[in-house]
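Okay, so here's the structure we're looking at.
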Amino acid sequence: MSLKMLLLTRACEDLEREKQEREEEKVRYIGEHLPPLQLSGLSLDELQKICKQLHSKIDVVDEERYDSESKVGKHNKDIHELKLKIQDLGGKFKKPALRKVRVSADEMMRALLGSKHKGSMDLRANLKSVKKEDGKQDKVLTSEVGDWRKNVEAMSGMEGRKKMFDTAGGVQ
């Protein structure tokens, strides 16, 4: 614990020292590049010249700032692309072959529902049963139709419609 506390205090002292050094460097840089302005006793033309010089310096600084920001952005983009390449090269992962597992419906329901599942699940019990009489009825209908020309002539007019209505009602 004491070693950890010593390291933390040392790190805090180093951070404070770095802050002070940055502030001192900032003050030194401003002192070198920006001499104090002496505006008292100057005419209007001289003040305008000083303003134009300051504007030109501001433009130069803005250009440098923009250039440095674009370089930093480009470098960050390159770093990101290189990280992606590293992940692609080193990150190949093979999917394992899956085994076939036979599980009945009852076992699957028990696994999913746990103790809630009661009784067996017979899937065949829910299927509809097909009667064989349906096939016989189809054959009867096809034999009734026979020649389609006769049916067309017999069903034409009002009498035919009446026959259709009567036969449809009688079948049900």
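In the structure tokens, the first chain shown is A, the next is B, and so on; residue numbers restart at 1 for each chain, and ligands run from 1 in the order shown.
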| query | Excluding same-chain residues fewer than 6 positions from stretch 22-34 of chain A, what lies within 12 Å of it counting only C-alpha atoms, as number ranges by chain? | reply | A: 15-16, 53-54, 57-58, 61
Just N, CA, C and O atoms for this one: save the residues we selected as a PDB file, in the first residue's frame.
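result_33.pdb, freshly written:
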```
ATOM      1  N   LEU A  15       2.618  15.631 -12.731  1.00  0.00           N
ATOM      2  CA  LEU A  15       1.567  16.320 -13.482  1.00  0.00           C
ATOM      3  C   LEU A  15       1.580  17.822 -13.194  1.00  0.00           C
ATOM      4  O   LEU A  15       1.446  18.642 -14.113  1.00  0.00           O
ATOM      5  N   GLU A  16       1.749  18.191 -11.952  1.00  0.00           N
ATOM      6  CA  GLU A  16       1.808  19.610 -11.583  1.00  0.00           C
ATOM      7  C   GLU A  16       3.002  20.290 -12.242  1.00  0.00           C
ATOM      8  O   GLU A  16       2.895  21.405 -12.760  1.00  0.00           O
ATOM      9  N   GLN A  53      -1.531  44.622 -40.217  1.00  0.00           N
ATOM     10  CA  GLN A  53      -0.459  43.663 -39.924  1.00  0.00           C
ATOM     11  C   GLN A  53      -0.984  42.536 -39.031  1.00  0.00           C
ATOM     12  O   GLN A  53      -0.673  41.362 -39.251  1.00  0.00           O
ATOM     13  N   LEU A  54      -1.773  42.907 -38.021  1.00  0.00           N
ATOM     14  CA  LEU A  54      -2.332  41.890 -37.139  1.00  0.00           C
ATOM     15  C   LEU A  54      -3.269  40.951 -37.905  1.00  0.00           C
ATOM     16  O   LEU A  54      -3.251  39.732 -37.689  1.00  0.00           O
ATOM     17  N   LYS A  57      -1.201  38.531 -39.876  1.00  0.00           N
ATOM     18  CA  LYS A  57      -0.638  37.502 -39.001  1.00  0.00           C
ATOM     19  C   LYS A  57      -1.709  36.491 -38.592  1.00  0.00           C
ATOM     20  O   LYS A  57      -1.442  35.282 -38.523  1.00  0.00           O
ATOM     21  N   ILE A  58      -2.923  36.975 -38.316  1.00  0.00           N
ATOM     22  CA  ILE A  58      -4.029  36.078 -37.955  1.00  0.00           C
ATOM     23  C   ILE A  58      -4.324  35.130 -39.105  1.00  0.00           C
ATOM     24  O   ILE A  58      -4.560  33.931 -38.897  1.00  0.00           O
ATOM     25  N   VAL A  61      -1.668  32.421 -39.215  1.00  0.00           N
ATOM     26  CA  VAL A  61      -1.851  31.471 -38.123  1.00  0.00           C
ATOM     27  C   VAL A  61      -3.042  30.548 -38.418  1.00  0.00           C
ATOM     28  O   VAL A  61      -2.981  29.333 -38.173  1.00  0.00           O
TER      29      VAL A  61
END
```
| task | For atom CA of A:Asp62 and atom CA of A:Pro36, quote the distance in Å rounded to one decimal. | result |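 Atom-to-atom, atom CA of A:Asp62 to atom CA of A:Pro36, that is 21.1 Å.
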